[in-house]
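As stored in data_30.cif (mmCIF, C-alpha atoms):
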data_final
#
loop_
_atom_site.label_atom_id
_atom_site.label_comp_id
_atom_site.auth_asym_id
_atom_site.auth_seq_id
_atom_site.Cartn_x
_atom_site.Cartn_y
_atom_site.Cartn_z
CA MET A 1276 -10.79 -21.38 2.13
CA LEU A 1277 -9.83 -21.97 5.76
CA THR A 1278 -8.26 -25.28 4.74
CA LEU A 1279 -6.19 -23.51 2.08
CA LEU A 1280 -5.15 -20.91 4.65
CA ALA A 1281 -4.08 -23.65 7.07
CA LEU A 1282 -2.04 -25.38 4.35
CA SER A 1283 -0.44 -22.09 3.36
CA LEU A 1284 0.53 -21.36 6.97
CA GLY A 1285 1.89 -24.90 7.28
CA TYR A 1286 4.09 -24.37 4.23
CA LYS A 1287 5.28 -21.07 5.66
CA TYR A 1288 6.13 -22.83 8.92
CA THR A 1289 8.31 -25.35 7.06
CA GLN A 1290 10.24 -22.37 5.62
CA TYR A 1291 10.61 -21.02 9.14
CA GLN A 1292 12.01 -24.33 10.34
CA THR A 1293 14.77 -24.30 7.72
CA PHE A 1294 16.17 -21.17 9.39
CA LEU A 1295 16.07 -22.68 12.88
CA GLY A 1296 18.93 -25.12 12.35
CA LYS A 1297 22.21 -24.68 14.19
CA LYS A 1298 24.25 -24.67 10.99
CA PRO A 1299 24.60 -21.48 8.91
CA LEU A 1300 22.86 -21.43 5.55
CA ARG A 1301 23.07 -19.61 2.25
CA MET A 1302 20.18 -17.39 1.18
CA HIS A 1303 19.49 -15.77 -2.17
CA ALA A 1304 17.73 -12.46 -1.59
CA GLN A 1305 17.09 -8.99 -2.94
CA VAL A 1306 18.06 -5.84 -1.07
CA ILE A 1307 14.85 -3.81 -1.00
CA LEU A 1308 16.09 -1.11 1.37
CA GLN A 1309 19.48 0.16 2.58
CA TYR A 1310 20.30 3.02 4.94
CA ALA A 1311 23.04 4.21 7.30
CA LYS A 1312 22.44 4.28 11.06
CA GLY A 1313 24.26 5.24 14.25
CA PRO A 1314 26.85 7.87 15.27
CA GLN A 1315 29.56 5.67 13.74
CA PRO A 1316 27.51 4.77 10.67
CA TYR A 1317 26.87 1.18 9.79
CA TYR A 1318 24.50 -0.03 7.10
CA VAL A 1319 21.14 -1.69 7.64
CA LEU A 1320 19.87 -3.83 4.77
CA LYS A 1321 16.34 -5.12 4.37
CA LEU A 1322 16.31 -8.39 2.44
CA LYS A 1323 13.54 -10.35 0.74
CA ASP A 1324 14.23 -13.99 -0.10
CA GLN A 1325 12.77 -16.01 -2.97
CA HIS A 1326 9.73 -16.95 -0.84
CA GLY A 1327 8.92 -13.36 0.09
CA ASN A 1328 10.26 -13.65 3.65
CA LEU A 1329 11.78 -10.44 5.03
CA PHE A 1330 15.01 -10.12 7.00
CA PHE A 1331 17.17 -7.32 8.35
CA THR A 1332 20.92 -7.53 8.47
CA THR A 1333 23.77 -5.08 9.07
CA SER A 1334 27.21 -4.37 7.68
CA LYS A 1335 30.00 -2.26 9.19
CA GLU A 1336 31.83 -2.21 5.88
CA ASP A 1337 31.65 0.84 3.64
CA ILE A 1338 29.53 -0.83 0.97
CA LYS A 1339 28.02 0.84 -2.08
CA ASP A 1340 24.30 1.28 -2.49
CA LEU A 1341 22.90 -2.22 -3.09
CA THR A 1342 19.23 -1.23 -3.21
CA TYR A 1343 17.29 -3.58 -5.56
CA ALA A 1344 20.43 -5.67 -6.19
CA PHE A 1345 20.33 -9.44 -5.65
CA VAL A 1346 22.81 -10.92 -3.20
CA GLN A 1347 24.00 -14.23 -1.81
CA VAL A 1348 23.97 -14.08 1.98
CA TYR A 1349 25.67 -16.66 4.20
CA GLY A 1350 24.77 -16.63 7.86
CA LYS A 1351 22.19 -17.55 10.45
CA MET A 1352 18.84 -16.21 11.60
CA ALA A 1353 18.75 -14.73 15.10
CA LYS A 1354 16.30 -16.05 17.68
CA CYS A 1355 12.89 -15.34 16.20
CA SER A 1356 9.39 -16.71 16.80
CA PHE A 1357 7.13 -17.86 13.97
CA TRP A 1358 4.86 -14.86 14.61
CA GLU A 1359 7.87 -12.55 14.21
CA PHE A 1360 8.99 -14.52 11.16
CA LEU A 1361 5.71 -13.65 9.40
CA LYS A 1362 6.83 -10.01 9.60
CA SER A 1363 10.64 -9.95 9.62
CA CYS A 1364 13.62 -11.36 11.52
CA TYR A 1365 17.24 -10.38 12.00
CA PHE A 1366 19.81 -12.37 10.02
CA HIS A 1367 23.43 -12.59 11.24
CA THR A 1368 25.46 -12.22 8.05
CA PHE A 1369 28.92 -13.81 7.94
CA TYR A 1370 29.54 -12.69 4.38
CA LEU A 1371 27.57 -11.16 1.54
CA ALA A 1372 28.23 -11.29 -2.20
CA LEU A 1373 26.53 -9.80 -5.22
CA SER A 1374 24.45 -12.09 -7.42
CA PRO A 1375 24.30 -11.73 -11.23
CA SER A 1376 20.48 -11.65 -11.10
CA LYS A 1377 18.90 -8.36 -12.20
CA ASP A 1378 15.64 -6.73 -11.15
CA TYR A 1379 13.34 -6.59 -14.18
CA LYS A 1380 12.10 -3.18 -13.00
CA ASN A 1381 15.52 -1.56 -13.36
CA PRO A 1382 14.94 -0.36 -16.96
CA LEU A 1383 11.75 1.37 -15.80
CA ARG A 1384 13.59 3.00 -12.88
CA THR A 1385 16.32 4.15 -15.26
CA SER A 1386 13.75 5.64 -17.63
CA ILE A 1387 12.01 7.49 -14.80
CA ASN A 1388 15.25 8.75 -13.22
CA ALA A 1389 16.50 10.05 -16.58
CA GLN A 1390 13.55 12.48 -16.71
CA HIS A 1391 14.48 14.19 -13.44
CA LEU A 1392 17.52 16.31 -12.61
CA ASN A 1393 17.00 15.86 -8.88
CA PRO A 1394 17.22 12.23 -7.65
CA LEU A 1395 14.55 12.96 -5.02
CA MET A 1396 12.03 13.37 -7.81
CA GLY A 1397 13.12 10.16 -9.47
CA ASN A 1398 12.67 8.36 -6.16
CA PHE A 1399 9.26 9.99 -5.66
CA TYR A 1400 7.91 8.74 -8.98
CA ASN A 1401 9.53 5.32 -8.58
CA THR A 1402 7.60 5.07 -5.31
CA LEU A 1403 4.43 6.31 -6.95
CA PHE A 1404 4.57 3.96 -9.95
CA LEU A 1405 6.68 0.99 -8.82
CA ALA A 1406 6.10 0.87 -5.03
CA ASP A 1407 9.77 1.53 -4.24
CA SER A 1408 10.81 2.82 -0.81
CA LEU A 1409 10.39 6.57 -0.39
CA ASP A 1410 13.39 8.72 0.52
CA ALA A 1411 13.41 9.74 4.20
CA ARG A 1412 13.25 13.47 3.41
CA THR A 1413 10.26 13.09 1.12
CA ARG A 1414 8.62 10.68 3.53
CA LYS A 1415 8.82 13.25 6.35
CA VAL A 1416 6.96 15.84 4.26
CA SER A 1417 4.38 13.31 3.03
CA VAL A 1418 3.67 12.19 6.60
CA GLY A 1419 3.30 15.80 7.73
CA LEU A 1420 0.78 16.44 4.95
CA GLY A 1421 -1.02 13.14 5.51
CA LEU A 1422 -0.19 11.95 2.00
CA SER A 1423 1.53 8.66 2.84
CA HIS A 1424 -1.55 6.60 2.00
CA ILE A 1425 -1.93 8.48 -1.29
CA ILE A 1426 1.68 8.08 -2.40
CA ALA A 1427 1.95 4.42 -1.38
CA ILE A 1428 0.45 2.10 -3.99
CA SER A 1429 -3.00 0.95 -2.85
CA GLY A 1430 -6.55 0.30 -3.96
CA PHE A 1431 -6.95 4.04 -4.55
CA HIS A 1432 -4.39 3.77 -7.35
CA LEU A 1433 -6.08 0.68 -8.77
CA GLY A 1434 -9.39 2.54 -8.90
CA ILE A 1435 -7.85 5.53 -10.68
CA LEU A 1436 -5.94 3.36 -13.16
CA SER A 1437 -8.98 1.16 -13.83
CA ALA A 1438 -11.11 4.20 -14.67
CA PHE A 1439 -8.31 5.64 -16.81
CA PHE A 1440 -7.75 2.48 -18.85
CA TYR A 1441 -11.50 1.85 -19.16
CA ALA A 1442 -11.91 5.29 -20.71
CA LEU A 1443 -8.81 4.76 -22.85
CA PHE A 1444 -10.02 1.43 -24.27
CA LYS A 1445 -13.68 2.41 -24.62
CA ILE A 1446 -13.38 4.50 -27.81
CA PRO A 1447 -11.45 1.98 -29.97
CA TYR A 1448 -13.48 -0.93 -28.56
CA THR A 1449 -16.77 0.81 -29.37
CA PHE A 1450 -15.56 1.48 -32.91
CA LEU A 1451 -14.64 -2.19 -33.41
CA GLN A 1452 -17.75 -3.50 -31.67
CA GLN A 1453 -20.17 -1.58 -33.86
CA ARG A 1454 -18.55 -3.01 -36.99
CA HIS A 1455 -17.52 -6.53 -36.07
CA PHE A 1456 -19.17 -7.87 -32.88
CA PRO A 1457 -22.23 -5.83 -31.85
CA HIS A 1458 -23.56 -8.81 -29.87
CA ARG A 1459 -20.76 -8.56 -27.27
CA ASN A 1460 -21.29 -7.02 -23.83
CA ARG A 1461 -19.11 -3.91 -23.86
CA THR A 1462 -18.92 -3.51 -20.08
CA TYR A 1463 -17.91 -7.15 -19.60
CA ASP A 1464 -15.22 -7.13 -22.28
CA LEU A 1465 -13.72 -3.83 -21.18
CA GLY A 1466 -13.82 -5.01 -17.57
CA VAL A 1467 -11.88 -8.16 -18.45
CA LEU A 1468 -9.35 -6.13 -20.44
CA VAL A 1469 -8.83 -3.65 -17.59
CA LEU A 1470 -8.41 -6.49 -15.06
CA LEU A 1471 -5.79 -8.09 -17.31
CA VAL A 1472 -3.85 -4.82 -17.40
CA MET A 1473 -4.14 -4.50 -13.60
CA GLY A 1474 -3.00 -8.11 -13.22
CA VAL A 1475 0.15 -7.36 -15.23
CA TYR A 1476 0.72 -4.28 -13.06
CA LEU A 1477 0.27 -6.40 -9.92
CA VAL A 1478 3.03 -8.75 -11.10
CA LEU A 1479 5.22 -5.74 -11.93
CA LEU A 1480 4.72 -4.55 -8.33
CA ASP A 1481 5.78 -7.96 -6.96
CA PHE A 1482 2.29 -8.47 -5.50
CA GLN A 1483 2.44 -5.37 -3.32
CA PRO A 1484 0.02 -6.18 -0.43
CA SER A 1485 -2.36 -3.21 -0.61
CA PHE A 1486 -2.65 -3.45 -4.39
CA LEU A 1487 -3.06 -7.23 -4.10
CA ARG A 1488 -6.00 -6.78 -1.72
CA ALA A 1489 -7.58 -4.30 -4.12
CA PHE A 1490 -7.00 -6.55 -7.14
CA VAL A 1491 -8.49 -9.63 -5.47
CA MET A 1492 -11.48 -7.51 -4.45
CA ALA A 1493 -11.82 -6.11 -7.98
CA VAL A 1494 -11.78 -9.58 -9.54
CA GLY A 1495 -14.25 -10.87 -6.97
CA ALA A 1496 -16.52 -7.86 -7.45
CA PHE A 1497 -16.41 -8.33 -11.23
CA VAL A 1498 -17.44 -11.98 -10.97
CA LEU A 1499 -20.17 -11.31 -8.41
CA PHE A 1500 -21.51 -8.31 -10.35
CA PHE A 1501 -22.15 -10.42 -13.44
CA SER A 1502 -23.57 -13.16 -11.20
CA GLY A 1503 -26.13 -10.78 -9.72
CA VAL A 1504 -24.71 -10.97 -6.18
CA GLU A 1505 -24.48 -8.02 -3.76
CA LEU A 1506 -21.00 -6.49 -3.80
CA LEU A 1507 -20.86 -4.08 -0.88
CA SER A 1508 -21.02 -6.67 1.88
CA PHE A 1509 -18.74 -7.30 4.83
CA ALA A 1510 -18.85 -11.03 4.03
CA PHE A 1511 -17.30 -10.24 0.65
CA LEU A 1512 -14.54 -8.23 2.33
CA LEU A 1513 -13.87 -11.12 4.72
CA LEU A 1514 -13.63 -13.50 1.76
CA VAL A 1515 -11.09 -11.20 0.07
CA VAL A 1516 -9.01 -11.09 3.26
CA LEU A 1517 -9.05 -14.89 3.56
CA VAL A 1518 -8.03 -15.31 -0.08
CA GLY A 1519 -5.17 -12.87 0.39
CA LEU A 1520 -3.96 -14.60 3.55
CA ALA A 1521 -4.28 -18.02 1.94
CA LEU A 1522 -2.08 -16.90 -0.96
CA PHE A 1523 0.37 -14.86 1.13
CA PRO A 1524 0.29 -15.68 4.90
CA ASN A 1525 2.81 -12.91 5.63
CA LEU A 1526 0.05 -10.37 4.98
CA ILE A 1527 -1.29 -11.05 8.47
CA ARG A 1528 1.64 -8.96 9.80
CA HIS A 1529 1.82 -6.43 6.97
CA ILE A 1530 0.76 -2.97 8.15
CA GLY A 1531 -0.08 -1.77 4.63
CA PHE A 1532 -2.47 -4.69 4.13
CA ILE A 1533 -4.11 -4.15 7.53
CA LEU A 1534 -4.63 -0.43 6.85
CA SER A 1535 -5.89 -1.15 3.35
CA VAL A 1536 -8.50 -3.62 4.60
CA SER A 1537 -9.47 -1.21 7.40
CA GLY A 1538 -9.97 1.58 4.90
CA VAL A 1539 -12.32 -0.52 2.77
CA PHE A 1540 -14.19 -1.63 5.89
CA TYR A 1541 -14.90 1.99 6.88
CA ILE A 1542 -15.85 2.82 3.29
CA PHE A 1543 -18.49 0.09 3.47
CA LEU A 1544 -19.77 1.51 6.77
CA PHE A 1545 -19.93 5.00 5.26
CA ILE A 1546 -21.93 3.77 2.28
CA LYS A 1547 -24.23 1.79 4.57
CA TYR A 1548 -25.22 4.72 6.78
CA THR A 1549 -24.79 7.86 4.66
CA PRO A 1550 -27.93 9.09 2.85
CA LYS A 1551 -27.98 10.38 -0.72
CA MET A 1552 -26.85 13.98 -1.28
CA PRO A 1553 -25.21 16.09 -4.03
CA VAL A 1554 -22.16 14.36 -5.49
CA TRP A 1555 -19.67 17.08 -4.50
CA LEU A 1556 -20.93 17.09 -0.91
CA TYR A 1557 -20.96 13.29 -0.74
CA ALA A 1558 -17.36 13.13 -2.01
CA LEU A 1559 -16.17 15.76 0.48
CA LEU A 1560 -17.96 14.07 3.38
CA PHE A 1561 -16.56 10.73 2.23
CA ASN A 1562 -12.92 11.88 2.39
CA SER A 1563 -13.47 13.70 5.70
CA THR A 1564 -15.23 10.73 7.31
CA ILE A 1565 -12.69 8.14 6.25
CA PHE A 1566 -9.94 10.44 7.56
CA LEU A 1567 -11.65 10.51 10.98
CA HIS A 1568 -12.47 6.79 11.03
CA MET A 1569 -8.92 5.80 10.15
CA LEU A 1570 -7.25 8.20 12.61
CA PRO A 1571 -7.24 5.85 15.66
CA ILE A 1572 -6.23 2.89 13.46
CA VAL A 1573 -3.37 4.71 11.73
CA HIS A 1574 -2.01 5.95 15.05
CA ALA A 1575 -1.95 2.42 16.36
CA PHE A 1576 1.04 1.92 14.00
CA PHE A 1577 2.41 5.39 13.23
CA SER A 1578 2.90 8.21 15.71
CA PRO A 1579 3.44 11.50 13.74
CA PHE A 1580 0.48 13.90 13.60
CA SER A 1581 0.11 17.37 12.15
CA LEU A 1582 -2.85 19.63 11.47
CA TYR A 1583 -1.49 19.91 7.94
CA GLN A 1584 -2.70 16.33 7.45
CA LEU A 1585 -6.17 17.79 6.92
CA SER A 1586 -4.91 18.93 3.51
CA ALA A 1587 -5.05 15.30 2.38
CA ILE A 1588 -8.87 15.53 2.34
CA LEU A 1589 -8.70 17.97 -0.58
CA LEU A 1590 -5.44 16.75 -2.13
CA ALA A 1591 -7.06 13.34 -2.67
CA PHE A 1592 -9.25 15.00 -5.33
CA VAL A 1593 -6.16 16.55 -6.97
CA PHE A 1594 -4.41 13.19 -7.00
CA VAL A 1595 -7.17 11.63 -9.11
CA ILE A 1596 -5.96 13.87 -11.95
CA PHE A 1597 -2.28 14.07 -10.97
CA PHE A 1598 -1.61 10.31 -10.97
CA PRO A 1599 -2.75 9.37 -14.50
CA LEU A 1600 -1.46 12.69 -15.87
CA THR A 1601 2.08 12.12 -14.58
CA LEU A 1602 1.92 8.54 -15.83
CA ILE A 1603 1.16 9.85 -19.33
CA LEU A 1604 3.88 12.52 -19.06
CA HIS A 1605 6.48 9.91 -18.07
CA THR A 1606 5.40 7.73 -21.00
CA LEU A 1607 6.05 10.72 -23.28
CA GLY A 1608 9.39 11.49 -21.64
CA LEU A 1609 8.08 14.68 -19.98
CA GLY A 1610 8.00 13.46 -16.39
CA GLY A 1611 9.84 16.46 -14.94
CA VAL A 1612 7.10 19.03 -15.61
CA PHE A 1613 6.01 19.33 -11.98
CA ASP A 1614 9.46 18.96 -10.39
CA PRO A 1615 9.99 22.68 -9.55
CA TYR A 1616 6.74 22.80 -7.59
CA LEU A 1617 7.25 19.46 -5.83
CA LEU A 1618 10.82 20.37 -4.85
CA LYS A 1619 9.55 23.58 -3.24
CA ALA A 1620 7.12 21.50 -1.21
CA LEU A 1621 10.04 19.40 0.09
CA GLU A 1622 11.52 22.56 1.61
CA TRP A 1623 8.53 23.01 3.91
CA HIS A 1624 9.08 22.45 7.60
CA ILE A 1625 5.93 20.80 8.90
CA PRO A 1626 5.74 20.55 12.71
CA THR A 1627 4.53 17.21 14.00
CA LEU A 1628 3.81 15.62 17.36
CA ASP A 1629 3.88 11.97 18.36
CA TYR A 1630 0.79 10.06 19.43
CA LEU A 1631 0.08 6.34 19.58
CA THR A 1632 -3.45 5.10 20.18
CA PRO A 1633 -3.60 3.46 23.65
CA LYS A 1634 -4.38 -0.26 23.51
CA TRP A 1635 -7.54 0.17 25.59
CA LEU A 1636 -8.85 2.82 23.20
CA LEU A 1637 -7.90 0.75 20.17
CA GLY A 1638 -9.76 -2.24 21.63
CA LEU A 1639 -12.84 -0.09 22.27
CA TYR A 1640 -12.66 1.39 18.78
CA VAL A 1641 -12.32 -1.98 17.04
CA SER A 1642 -15.25 -3.32 19.09
CA LEU A 1643 -17.40 -0.34 18.07
CA SER A 1644 -16.35 -0.87 14.46
CA LEU A 1645 -17.52 -4.47 14.49
CA LEU A 1646 -20.80 -3.56 16.21
CA ALA A 1647 -21.33 -0.80 13.64
CA MET A 1648 -21.87 -3.45 10.98
CA ARG A 1649 -25.27 -3.96 12.60
CA TYR A 1650 -26.02 -1.04 14.92
CA LYS A 1651 -26.19 2.60 13.91
CA TRP A 1652 -25.48 3.80 17.46
CA ALA A 1653 -22.08 2.08 17.24
CA TYR A 1654 -21.36 3.87 13.97
CA ILE A 1655 -22.18 7.17 15.66
CA GLY A 1656 -19.80 6.09 18.41
CA LEU A 1657 -17.02 5.84 15.80
CA TYR A 1658 -17.61 9.49 14.93
CA VAL A 1659 -17.45 10.44 18.60
CA VAL A 1660 -14.18 8.60 19.19
CA GLY A 1661 -12.63 9.84 15.92
CA LEU A 1662 -13.60 13.44 16.64
CA GLY A 1663 -12.37 13.09 20.22
CA VAL A 1664 -8.96 11.81 19.11
CA PHE A 1665 -8.70 14.55 16.48
CA ALA A 1666 -9.70 17.27 18.98
CA LEU A 1667 -7.08 16.01 21.45
CA LEU A 1668 -4.35 16.01 18.83
CA ALA A 1669 -5.41 19.38 17.43
CA LEU A 1670 -5.24 20.98 20.88
CA ARG A 1671 -1.82 19.47 21.49
CA ALA A 1672 -0.63 20.71 18.09
CA LEU A 1673 -1.90 24.24 18.76
CA TYR A 1674 -0.72 24.55 22.33
#

So that I can check it, write out the structure of this file as structure tokens.
Amino acid sequence: MLTLLALSLGYKYTQYQTFLGKKPLRMHAQVILQYAKGPQPYYVLKLKDQHGNLFFTTSKEDIKDLTYAFVQVYGKMAKCSFWEFLKSCYFHTFYLALSPSKDYKNPLRTSINAQHLNPLMGNFYNTLFLADSLDARTRKVSVGLGLSHIIAISGFHLGILSAFFYALFKIPYTFLQQRHFPHRNRTYDLGVLVLLVMGVYLVLLDFQPSFLRAFVMAVGAFVLFFSGVELLSFAFLLLVVLVGLALFPNLIRHIGFILSVSGVFYIFLFIKYTPKMPVWLYALLFNSTIFLHMLPIVHAFFSPFSLYQLSAILLAFVFVIFFPLTLILHTLGLGGVFDPYLLKALEWHIPTLDYLTPKWLLGLYVSLSLLAMRYKWAYIGLYVVGLGVFALLALRALY
């Protein structure tokens, strides 16, 4: 696996070298984000080339919205290290032209948008179902409520969809199995069918990093489960991370992937140290604990904090029903049912404060996290640090 990772990084480095030449080059890319910036507005465009490399460029021209359009870009990459290249680099654009290529997700976006009178709602559901970029206004409210990780496609969505499709396929499969192939293992066959559906969805999402991590883990867990191997192990999580990095080296700099892996890591710790208790209490403690454990990690990348983010602990339970329900409603052409209530939520003014986890505290917290794989006192230390950070932020928010 390490050899494959090294080869993958080597191939990525050869791509990096092609942009280092002194001569300008032509790049075929898709515009995945566009927004205006500055007092005298100019446009910032986020581009993704055919190899998945990300670039930012700017235009002072009054261009139309090119989001999700394919373009031909002629120019030159600014000074950028290979480490920066794995995340994104700036590209000096000399000229830009539209390409005839079309995004295969456009018909789905059109179908979703047609079910909503307000474009904010269309954007919300496109983000929820297709991993599109969330509008700034909606993003501000979602951050204030602590819902960013719920709205952004992740392993949480894969788990909900897997359970939904398993239940959906179970009735017709059971009917057919009893009459035609009673010798088959129902759990195995339905598991394979659900993974195939999730694999198609992964392709539809252009291998969105958090969903990719979850899918690789789901496939690995499926294989190991039927091989009689322990699933909830940190070695298994490490293997999933290495597979993901070997396939897509850019993930090493992708914040969504890092947070996704961190979340699963703390889930494993919770399962390891939390005793059995009533299901409702276990579920509530689970959401509350993961919120605390992730707090220092999240604030290493994102600064906004609000006490309203505590609502995400309970809203996560609501989302388990909301996500598949809205998916069904959009399939039936009734996607706008909840729009009046969601639009009212966008009118809320949620006060936030800015906090970034100091590097020394982050280093201490990561060290405790690694030690917690073996020592319970270190796991208790995670609670102490998480509660301390939350108490500090809560006091600042109140006073």

What are the closest atom pairs, with distances in Å to one decimal, for each residue of region 1406-1489 of chain A lying within 12 Å of region 1322-1331 of chain A, using all atoms listed in the file, rows by chain and rising residue number, as JSON lines?
{"residue": "A:Asp1481", "atom": "CA", "partner": "A:Gly1327", "partner_atom": "CA", "distance": 9.4}
{"residue": "A:Phe1482", "atom": "CA", "partner": "A:Gly1327", "partner_atom": "CA", "distance": 10.0}
{"residue": "A:Gln1483", "atom": "CA", "partner": "A:Gly1327", "partner_atom": "CA", "distance": 10.8}
{"residue": "A:Pro1484", "atom": "CA", "partner": "A:Gly1327", "partner_atom": "CA", "distance": 11.4}

With region 1413-1416 of chain A as the partner and 12 Å as the cut-off, tabulate the residues of region 1324-1396 of chain A that qualify, each row holding the nearest pair of atoms and their distance in Å to one decimal, using only C-alpha atoms, sorted by chain and rising number, as a Markdown table.
| residue | atom | partner | partner_atom | distance |
| --- | --- | --- | --- | --- |
| A:Pro1394 | CA | A:Thr1413 | CA | 11.2 |
| A:Leu1395 | CA | A:Thr1413 | CA | 7.5 |
| A:Met1396 | CA | A:Thr1413 | CA | 9.1 |

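For the set A:Tyr1379, A:Tyr1583, A:Tyr1286, A:Tyr1441, the residue with the smallest atom-to-atom gap to Arg1461 (chain A) is A:Tyr1441, counting only C-alpha atoms.
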
Any chance you could resolve the PyMOL selection byres ((chain A and resi 1355) around 10) against this file and give the residues as a tab-separated table (two decimals) with C-alpha atoms, in the coordinates of the input?
chain	number	residue	atom	x	y	z
A	1291	TYR	CA	10.61	-21.02	9.14
A	1294	PHE	CA	16.17	-21.17	9.39
A	1295	LEU	CA	16.07	-22.68	12.88
A	1352	MET	CA	18.84	-16.21	11.60
A	1353	ALA	CA	18.75	-14.73	15.10
A	1354	LYS	CA	16.30	-16.05	17.68
A	1356	SER	CA	9.39	-16.71	16.80
A	1357	PHE	CA	7.13	-17.86	13.97
A	1358	TRP	CA	4.86	-14.86	14.61
A	1359	GLU	CA	7.87	-12.55	14.21
A	1360	PHE	CA	8.99	-14.52	11.16
A	1363	SER	CA	10.64	-9.95	9.62
A	1364	CYS	CA	13.62	-11.36	11.52
A	1365	TYR	CA	17.24	-10.38	12.00
A	1366	PHE	CA	19.81	-12.37	10.02

Please compute the CA of Leu1637 (chain A)-CA of Trp1652 (chain A) distance, one decimal, in Å. 18.0 Å

To test your reading of the syntax: which residues would the PyMOL selection byres ((chain A and resi 1427) around 7) return for the file shown? Reply as a VMD selection string. chain A and resid 1402 to 1403 1406 1423 to 1426 1428 to 1429

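Between Leu1487 (chain A) and the residues A:Phe1431, A:Phe1444, A:Trp1555, A:Tyr1370, the shortest atom-to-atom distance, using only C-alpha atoms, involves A:Phe1431.
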
Calculate how many Å separate CA of Thr1385 (chain A) from CA of Leu1471 (chain A), rounding to one decimal. 25.4 Å

Taking (-20.9, 3.9, 1.7) in the coordinates of the supplied file, I want to know which residues reach to within 12 Å of it, counting only C-alpha atoms; could you give the answer as an MDAnalysis selection string? chainID A and resid 1506:1509 1538:1551 1557:1558 1560:1562 1564:1565 1648

Starting from the sparse input, extend region 1526-1537 of chain A to N, CA, C and O atoms and give the output as a PDB file, keeping the file's coordinate frame.
ATOM      1  N   LEU A1526       0.891 -11.567   4.957  1.00  0.00           N
ATOM      2  CA  LEU A1526       0.050 -10.370   4.980  1.00  0.00           C
ATOM      3  C   LEU A1526      -0.577 -10.135   6.349  1.00  0.00           C
ATOM      4  O   LEU A1526      -0.966  -9.010   6.663  1.00  0.00           O
ATOM      5  N   ILE A1527      -0.677 -11.188   7.150  1.00  0.00           N
ATOM      6  CA  ILE A1527      -1.290 -11.050   8.470  1.00  0.00           C
ATOM      7  C   ILE A1527      -0.504 -10.094   9.354  1.00  0.00           C
ATOM      8  O   ILE A1527      -1.023  -9.525  10.309  1.00  0.00           O
ATOM      9  N   ARG A1528       0.796  -9.880   9.038  1.00  0.00           N
ATOM     10  CA  ARG A1528       1.640  -8.960   9.800  1.00  0.00           C
ATOM     11  C   ARG A1528       2.015  -7.714   9.005  1.00  0.00           C
ATOM     12  O   ARG A1528       2.817  -6.918   9.467  1.00  0.00           O
ATOM     13  N   HIS A1529       1.445  -7.559   7.815  1.00  0.00           N
ATOM     14  CA  HIS A1529       1.820  -6.430   6.970  1.00  0.00           C
ATOM     15  C   HIS A1529       0.925  -5.237   7.271  1.00  0.00           C
ATOM     16  O   HIS A1529      -0.295  -5.282   7.075  1.00  0.00           O
ATOM     17  N   ILE A1530       1.528  -4.143   7.730  1.00  0.00           N
ATOM     18  CA  ILE A1530       0.760  -2.970   8.150  1.00  0.00           C
ATOM     19  C   ILE A1530      -0.019  -2.377   6.974  1.00  0.00           C
ATOM     20  O   ILE A1530      -1.182  -1.975   7.124  1.00  0.00           O
ATOM     21  N   GLY A1531       0.602  -2.322   5.792  1.00  0.00           N
ATOM     22  CA  GLY A1531      -0.080  -1.770   4.630  1.00  0.00           C
ATOM     23  C   GLY A1531      -1.349  -2.537   4.300  1.00  0.00           C
ATOM     24  O   GLY A1531      -2.385  -1.950   3.964  1.00  0.00           O
ATOM     25  N   PHE A1532      -1.301  -3.859   4.406  1.00  0.00           N
ATOM     26  CA  PHE A1532      -2.470  -4.690   4.130  1.00  0.00           C
ATOM     27  C   PHE A1532      -3.547  -4.454   5.174  1.00  0.00           C
ATOM     28  O   PHE A1532      -4.737  -4.329   4.854  1.00  0.00           O
ATOM     29  N   ILE A1533      -3.154  -4.375   6.442  1.00  0.00           N
ATOM     30  CA  ILE A1533      -4.110  -4.150   7.530  1.00  0.00           C
ATOM     31  C   ILE A1533      -4.814  -2.803   7.352  1.00  0.00           C
ATOM     32  O   ILE A1533      -6.044  -2.700   7.477  1.00  0.00           O
ATOM     33  N   LEU A1534      -4.045  -1.754   7.040  1.00  0.00           N
ATOM     34  CA  LEU A1534      -4.630  -0.430   6.850  1.00  0.00           C
ATOM     35  C   LEU A1534      -5.517  -0.392   5.610  1.00  0.00           C
ATOM     36  O   LEU A1534      -6.559   0.280   5.598  1.00  0.00           O
ATOM     37  N   SER A1535      -5.107  -1.104   4.580  1.00  0.00           N
ATOM     38  CA  SER A1535      -5.890  -1.150   3.350  1.00  0.00           C
ATOM     39  C   SER A1535      -7.252  -1.792   3.593  1.00  0.00           C
ATOM     40  O   SER A1535      -8.293  -1.275   3.169  1.00  0.00           O
ATOM     41  N   VAL A1536      -7.253  -2.925   4.285  1.00  0.00           N
ATOM     42  CA  VAL A1536      -8.500  -3.620   4.600  1.00  0.00           C
ATOM     43  C   VAL A1536      -9.366  -2.747   5.519  1.00  0.00           C
ATOM     44  O   VAL A1536     -10.583  -2.649   5.343  1.00  0.00           O
ATOM     45  N   SER A1537      -8.733  -2.096   6.490  1.00  0.00           N
ATOM     46  CA  SER A1537      -9.470  -1.210   7.400  1.00  0.00           C
ATOM     47  C   SER A1537     -10.147  -0.085   6.639  1.00  0.00           C
ATOM     48  O   SER A1537     -11.304   0.268   6.901  1.00  0.00           O
TER      49      SER A1537
END
